[in-house]
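Below is one structure; the comments refer to it alone.
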Amino acid sequence: MKHFFKILVFALALTGCQKEYEKVVEPDKSQAISAEDNIAELIKKVALKDGSFDNIIDRCSAISIEYPYSILINDEFYQINSLDDIEILYIDYFHYRDDIEIQYPITITYSDYSESVLDNSDDLEEIQEQYNTNLIDDDIECIDFNYPVEITLYNTAYQKADYIVAENDFMMYNTFRDLSDQIIEVEYPIELTLYDGNQVTITDNVELENQINEYKDSCEENDEVDFEDEDYPVSDLLTSGIWKVSHYSDTTDETHQLSLFTIEFKSDFSVQVTDNSVTIDGTWEFDLYDNLKILEIEVDNYETPLVWLNDGWEILSANNEEILMQAESDTDGFIKKLNLQKTK
């Protein structure tokens, strides 16, 4: 099958002087893709540009703002040069989210990679109204292609074969954007990355279509445009540094017994509690219950004082420097308090 296009082009060259050509027989669908195949549309949706990562600034998942640009918060300018800057903004200035002022003009990119220049907030509001009202969100975010992907294209109108290597979503989308008079053959195997980080090896079109359909709705795409207090990115905050206990009390203040420990929350939901000589492992989990932010900590140590950390802690407030929490005490009439302070 890999030699299909080479053989086809050679055969056409031999009959190039004839007025009529023999009918082209399309390759087996496990190897080639045409405009009529459902897999073509699914591939485009996987390769669409996700614009939700900067929603705290532009409030629209259908677009993203091209770097660099500036915003104004409380009369202070902030330069946005990368995704890291947006993530820092999200954690440090979430409570000022409604005060963000974009400095125009800006260049925006749509999900299909087309671009436009916006000169003022009215231009942005028109786009927000168009896409947010109709809830247009075609991109599939729960699965990604691992590049490069080798592709052979055959133009049935001009009897011309081309070979390309897609290095990113932009190239992949443009390859599948318009398949009129085109037959495409993907060189398998290829790999996909799922939303949970797992890798999947794909060997043909049928398997690729099945995998995309299975996972396309399997994750939370975080396309919010109206942010509430409970949307504060606690998980990102927890994993952004190393913490120490700045206060712990139950029936009495016992901060001194925990003050020498540092706590590191890892993105795989493991936690390490360390003092000068020993590291204790454990797990953590963050959930919302009736708008209550609950941090579950389970350290693999059931002796005083580390056993005091093991509980479901209600987060009262959080910022990039300190997290204030409470939980029910085993002693009636008392509330346990646990405050964490970021060390680095």
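Order determines the names: the first chain of the structure tokens is A, the second B, and so forth; residues in each chain are numbered 1 upward, and ligands are numbered 1 upward as they are shown.
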
Check region 6-170 of chain A with DSSP on the backbone and list each residue it calls alpha helix (DSSP H), as a compact mmCIF listing (two decimals) with N, CA, C and O atoms, in the first residue's frame.
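Printed below is selection_28.txt as written:
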# COMPACT_ATOMS: atom_id res chain seq x y z
N LYS A 6 3.07 5.74 -5.96
CA LYS A 6 4.17 5.66 -6.90
C LYS A 6 3.76 4.87 -8.14
O LYS A 6 4.04 5.23 -9.28
N ILE A 7 3.09 3.74 -7.91
CA ILE A 7 2.63 2.91 -9.02
C ILE A 7 1.59 3.66 -9.84
O ILE A 7 1.61 3.65 -11.08
N LEU A 8 0.69 4.37 -9.16
CA LEU A 8 -0.37 5.09 -9.85
C LEU A 8 0.21 6.19 -10.73
O LEU A 8 -0.17 6.35 -11.89
N VAL A 9 1.16 6.96 -10.19
CA VAL A 9 1.76 8.04 -10.97
C VAL A 9 2.51 7.49 -12.17
O VAL A 9 2.46 8.04 -13.27
N PHE A 10 3.20 6.36 -11.99
CA PHE A 10 3.94 5.75 -13.09
C PHE A 10 2.98 5.30 -14.19
O PHE A 10 3.21 5.52 -15.38
N ALA A 11 1.85 4.70 -13.77
CA ALA A 11 0.88 4.23 -14.76
C ALA A 11 0.29 5.39 -15.54
O ALA A 11 0.08 5.31 -16.75
N LEU A 12 0.02 6.50 -14.85
CA LEU A 12 -0.54 7.66 -15.53
C LEU A 12 0.47 8.28 -16.49
O LEU A 12 0.11 8.81 -17.53
N ALA A 13 1.75 8.22 -16.11
CA ALA A 13 2.78 8.76 -16.99
C ALA A 13 2.84 7.99 -18.31
O ALA A 13 3.05 8.55 -19.38
N LEU A 14 2.64 6.68 -18.21
CA LEU A 14 2.67 5.87 -19.42
C LEU A 14 1.50 6.17 -20.34
O LEU A 14 1.59 6.01 -21.56
N ASN A 38 -15.60 10.05 7.55
CA ASN A 38 -15.81 10.72 8.84
C ASN A 38 -14.50 11.03 9.55
O ASN A 38 -14.38 12.04 10.26
N ILE A 39 -13.50 10.20 9.34
CA ILE A 39 -12.23 10.38 10.03
C ILE A 39 -11.57 11.70 9.65
O ILE A 39 -10.86 12.31 10.45
N ALA A 40 -11.82 12.18 8.43
CA ALA A 40 -11.22 13.44 7.98
C ALA A 40 -11.69 14.60 8.87
O ALA A 40 -10.90 15.45 9.27
N GLU A 41 -12.98 14.65 9.17
CA GLU A 41 -13.52 15.71 10.01
C GLU A 41 -13.02 15.59 11.44
O GLU A 41 -12.72 16.59 12.10
N LEU A 42 -12.89 14.37 11.94
CA LEU A 42 -12.39 14.16 13.30
C LEU A 42 -10.94 14.62 13.42
O LEU A 42 -10.56 15.24 14.42
N ILE A 43 -10.13 14.32 12.41
CA ILE A 43 -8.73 14.76 12.44
C ILE A 43 -8.65 16.28 12.48
O ILE A 43 -7.85 16.85 13.23
N LYS A 44 -9.47 16.95 11.68
CA LYS A 44 -9.48 18.42 11.70
C LYS A 44 -9.83 18.95 13.07
O LYS A 44 -9.23 19.93 13.55
N LYS A 45 -10.80 18.35 13.73
CA LYS A 45 -11.22 18.83 15.04
C LYS A 45 -10.15 18.62 16.10
O LYS A 45 -10.00 19.43 17.02
N VAL A 46 -9.39 17.53 16.00
CA VAL A 46 -8.28 17.31 16.92
C VAL A 46 -7.20 18.36 16.70
O VAL A 46 -6.57 18.84 17.65
N ALA A 47 -6.98 18.74 15.43
CA ALA A 47 -5.89 19.67 15.08
C ALA A 47 -6.28 21.13 15.22
O ALA A 47 -5.41 22.01 15.11
N ASN A 55 -8.55 32.37 28.32
CA ASN A 55 -9.93 32.86 28.52
C ASN A 55 -10.05 33.86 29.66
O ASN A 55 -10.96 34.69 29.64
N ILE A 56 -9.17 33.79 30.63
CA ILE A 56 -9.25 34.75 31.72
C ILE A 56 -8.98 36.16 31.21
O ILE A 56 -9.36 37.15 31.83
N ILE A 57 -8.37 36.28 30.01
CA ILE A 57 -8.08 37.59 29.42
C ILE A 57 -9.08 37.95 28.34
O ILE A 57 -9.67 39.03 28.37
N ASP A 58 -9.29 37.03 27.35
CA ASP A 58 -10.15 37.40 26.21
C ASP A 58 -11.57 36.87 26.32
O ASP A 58 -12.43 37.22 25.51
N LEU A 83 2.71 31.30 27.67
CA LEU A 83 1.70 30.63 28.48
C LEU A 83 2.06 30.72 29.96
O LEU A 83 1.16 30.81 30.82
N ASP A 84 3.34 30.70 30.28
CA ASP A 84 3.76 30.81 31.68
C ASP A 84 3.25 32.12 32.29
O ASP A 84 2.83 32.15 33.45
N ASP A 85 3.29 33.21 31.52
CA ASP A 85 2.81 34.49 32.03
C ASP A 85 1.32 34.43 32.33
O ASP A 85 0.84 35.02 33.30
N ILE A 86 0.56 33.73 31.48
CA ILE A 86 -0.89 33.60 31.70
C ILE A 86 -1.17 32.76 32.94
O ILE A 86 -2.05 33.09 33.74
N GLU A 87 -0.40 31.69 33.13
CA GLU A 87 -0.61 30.84 34.30
C GLU A 87 -0.28 31.59 35.59
O GLU A 87 -0.98 31.44 36.60
N ILE A 88 0.77 32.40 35.56
CA ILE A 88 1.10 33.21 36.73
C ILE A 88 0.00 34.23 37.00
O ILE A 88 -0.42 34.44 38.15
N LEU A 89 -0.49 34.84 35.93
CA LEU A 89 -1.60 35.79 36.06
C LEU A 89 -2.82 35.12 36.67
O LEU A 89 -3.49 35.67 37.55
N TYR A 90 -3.10 33.92 36.21
CA TYR A 90 -4.28 33.17 36.67
C TYR A 90 -4.21 32.91 38.17
O TYR A 90 -5.22 32.98 38.88
N ILE A 91 -3.02 32.61 38.67
CA ILE A 91 -2.87 32.30 40.09
C ILE A 91 -2.75 33.57 40.93
O ILE A 91 -3.42 33.74 41.95
N ASP A 92 -1.91 34.50 40.48
CA ASP A 92 -1.61 35.68 41.30
C ASP A 92 -2.70 36.75 41.26
O ASP A 92 -2.87 37.50 42.24
N SER A 121 -11.92 47.35 22.25
CA SER A 121 -12.74 46.38 22.99
C SER A 121 -14.05 46.08 22.30
O SER A 121 -14.62 44.99 22.47
N ASP A 122 -14.57 47.01 21.50
CA ASP A 122 -15.81 46.75 20.76
C ASP A 122 -15.61 45.61 19.77
O ASP A 122 -16.52 44.77 19.58
N ASP A 123 -14.45 45.58 19.12
CA ASP A 123 -14.16 44.49 18.18
C ASP A 123 -14.17 43.14 18.91
O ASP A 123 -14.72 42.16 18.40
N LEU A 124 -13.57 43.11 20.08
CA LEU A 124 -13.54 41.86 20.86
C LEU A 124 -14.93 41.47 21.32
O LEU A 124 -15.29 40.28 21.28
N GLU A 125 -15.72 42.42 21.75
CA GLU A 125 -17.06 42.12 22.23
C GLU A 125 -17.93 41.53 21.12
O GLU A 125 -18.78 40.66 21.38
N GLU A 126 -17.75 41.97 19.90
CA GLU A 126 -18.50 41.39 18.78
C GLU A 126 -18.16 39.91 18.60
O GLU A 126 -19.05 39.08 18.36
N ILE A 127 -16.89 39.58 18.72
CA ILE A 127 -16.47 38.18 18.58
C ILE A 127 -16.98 37.35 19.76
O ILE A 127 -17.48 36.24 19.58
N GLN A 128 -16.90 37.90 20.95
CA GLN A 128 -17.41 37.19 22.13
C GLN A 128 -18.89 36.90 21.99
O GLN A 128 -19.36 35.79 22.28
N GLU A 129 -19.64 37.88 21.53
CA GLU A 129 -21.08 37.70 21.37
C GLU A 129 -21.38 36.65 20.31
O GLU A 129 -22.27 35.81 20.50
N GLN A 130 -20.63 36.65 19.23
CA GLN A 130 -20.86 35.69 18.15
C GLN A 130 -20.60 34.26 18.60
O GLN A 130 -21.43 33.38 18.38
N TYR A 131 -19.47 34.03 19.26
CA TYR A 131 -19.07 32.66 19.58
C TYR A 131 -19.60 32.19 20.92
O TYR A 131 -19.99 31.03 21.06
N ASN A 132 -19.63 33.06 21.92
CA ASN A 132 -20.10 32.62 23.23
C ASN A 132 -21.59 32.39 23.25
O ASN A 132 -22.09 31.48 23.92
N THR A 133 -22.34 33.22 22.51
CA THR A 133 -23.80 33.06 22.48
C THR A 133 -24.19 31.75 21.81
O THR A 133 -25.09 31.04 22.27
N ASN A 134 -23.50 31.42 20.72
CA ASN A 134 -23.82 30.20 19.98
C ASN A 134 -23.08 28.98 20.49
O ASN A 134 -23.27 27.88 19.97
N ASP A 169 0.02 20.88 14.83
CA ASP A 169 -1.42 20.92 14.55
C ASP A 169 -1.74 21.83 13.37
O ASP A 169 -2.67 21.55 12.61
N PHE A 170 -1.01 22.93 13.26
CA PHE A 170 -1.25 23.86 12.15
C PHE A 170 -1.08 23.17 10.80
O PHE A 170 -1.94 23.28 9.92

Non-local contacts of region 188-199 of chain A (6 Å; only C-alpha atoms; under 5 positions in same chain excluded) as a compact mmCIF listing (two decimals) with all heavy atoms, in the first residue's frame:
# COMPACT_ATOMS: atom_id res chain seq x y z
N CYS A 142 -9.26 16.44 24.18
CA CYS A 142 -8.92 15.33 25.07
C CYS A 142 -7.92 14.36 24.46
O CYS A 142 -7.55 13.37 25.10
CB CYS A 142 -10.19 14.56 25.46
SG CYS A 142 -11.44 15.60 26.26
N ILE A 143 -7.50 14.64 23.23
CA ILE A 143 -6.58 13.74 22.54
C ILE A 143 -5.74 14.57 21.58
O ILE A 143 -6.23 15.53 20.99
CB ILE A 143 -7.36 12.62 21.80
CG1 ILE A 143 -6.45 11.51 21.33
CG2 ILE A 143 -8.20 13.16 20.67
CD1 ILE A 143 -7.21 10.25 20.91
N ASP A 144 -4.46 14.26 21.47
CA ASP A 144 -3.54 15.03 20.63
C ASP A 144 -2.69 14.09 19.78
O ASP A 144 -2.35 12.97 20.21
CB ASP A 144 -2.61 15.90 21.48
CG ASP A 144 -3.36 17.02 22.18
OD1 ASP A 144 -3.93 17.87 21.48
OD2 ASP A 144 -3.36 17.04 23.42
N PHE A 145 -2.30 14.57 18.60
CA PHE A 145 -1.35 13.84 17.77
C PHE A 145 0.06 14.04 18.29
O PHE A 145 0.42 15.14 18.73
CB PHE A 145 -1.42 14.32 16.32
CG PHE A 145 -2.69 13.94 15.61
CD1 PHE A 145 -3.68 14.91 15.36
CD2 PHE A 145 -2.92 12.64 15.19
CE1 PHE A 145 -4.85 14.57 14.71
CE2 PHE A 145 -4.10 12.30 14.54
CZ PHE A 145 -5.06 13.27 14.30
N ASN A 146 0.86 12.98 18.23
CA ASN A 146 2.30 13.09 18.48
C ASN A 146 2.99 13.26 17.13
O ASN A 146 2.89 12.40 16.26
CB ASN A 146 2.83 11.85 19.18
CG ASN A 146 2.38 11.75 20.63
OD1 ASN A 146 1.59 12.56 21.09
ND2 ASN A 146 2.86 10.76 21.33

inquiry  = Show me, as a PyMOL selection string, the residues that have an atom within 10 Å of Ala157 (chain A) when counting only C-alpha atoms, minus same-chain residues fewer than 3 positions from it.
reply    = chain A and resi 154+160+180-182

Ser240 (chain A): which residues within 9 Å, counting only C-alpha atoms, same-chain residues fewer than 3 positions away excluded, as a tab-separated table (two decimals) with N, CA, C and O atoms, in the first residue's frame?
chain	number	residue	atom	x	y	z
A	235	SER	N	-5.56	23.58	42.25
A	235	SER	CA	-4.64	22.50	41.92
A	235	SER	C	-3.35	23.05	41.32
A	235	SER	O	-2.25	22.60	41.66
A	236	ASP	N	-3.48	24.03	40.43
A	236	ASP	CA	-2.29	24.66	39.86
A	236	ASP	C	-1.47	25.37	40.93
A	236	ASP	O	-0.24	25.35	40.92
A	237	LEU	N	-2.17	26.01	41.85
A	237	LEU	CA	-1.49	26.72	42.93
A	237	LEU	C	-0.72	25.74	43.82
A	237	LEU	O	0.45	25.97	44.14
A	265	PHE	N	3.23	19.23	46.82
A	265	PHE	CA	2.12	18.59	46.12
A	265	PHE	C	2.54	18.40	44.65
A	265	PHE	O	2.86	19.38	43.96
A	266	LYS	N	2.51	17.19	44.17
A	266	LYS	CA	2.96	16.89	42.82
A	266	LYS	C	1.77	16.73	41.88
A	266	LYS	O	0.64	16.42	42.31
A	320	ASN	N	-1.12	33.12	45.89
A	320	ASN	CA	0.18	32.56	45.55
A	320	ASN	C	1.17	32.55	46.71
A	320	ASN	O	2.28	32.06	46.58
A	344	LYS	N	8.95	28.54	48.16
A	344	LYS	CA	9.59	28.82	46.88
A	344	LYS	C	8.76	28.25	45.75
A	344	LYS	O	7.83	27.51	45.97

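Within the 8 Å cut-off around Lys293 (chain A), using only C-alpha atoms and omitting residues fewer than 6 positions from it on the same chain, the listed residues are A:Glu230, A:Phe286, A:Asp287, A:Glu314, A:Ile315, A:Leu316.
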
request  = Could you find all residues in region 146-306 of chain A that DSSP calls strand (DSSP E) from the backbone, and write them as a PyMOL selection string?
outcome  = chain A and resi 149-155+160-166+182-186+190-194+199-202+242-249+262-265+270-274+279-289+292-299

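Of the residues listed (A:Ile140, A:Val245, A:Ile294, A:Ile335), A:Val245 shows the shortest atom-to-atom separation from Asp275 (chain A); distances use only C-alpha atoms.
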
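Minimum atom-to-atom distance to Ser259 (chain A), evaluated using only C-alpha atoms, belongs to A:Asn339 out of A:Gln211, A:Asn339, A:Glu185, A:Glu321.
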
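In terms of minimum interatomic distance to Ser249 (chain A), A:Glu328 ranks closest within A:Glu328, A:Glu141, A:Glu207, A:Asp217, counting only C-alpha atoms.
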
query = Residues at most 9 Å from Thr251 (chain A), counting only C-alpha atoms, excluding those fewer than 2 positions away in the same chain, as a ChimeraX atom specification?
reply = /A:249,253-254,329,331,334-336

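Of the listed residues (A:Val225, A:Ile65, A:Leu153, A:Leu208), A:Val225 comes nearest to Asp98 (chain A); the distances count only C-alpha atoms.
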
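Nearest to Ser61 (chain A) of all the residues A:Val206, A:Leu48, A:Leu309, A:Val165 is A:Leu48, counting only C-alpha atoms.
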
task = Have a look at A:Gly282, A:Thr239, A:Leu340, A:Glu296 and name the one nearest to Thr262 (chain A); count only C-alpha atoms.
result = A:Leu340

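The space separating CA of Ser82 (chain A) from CA of Ile108 (chain A) comes to 14.4 Å.
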
request  = Determine, counting only C-alpha atoms, which protein, DNA and RNA residues have an atom within 7 Å of an atom of Gln31 (chain A); residues of the same chain fewer than 5 positions away are not included. Present the result as a PyMOL selection string.
outcome  = chain A and resi 185-186+204-205
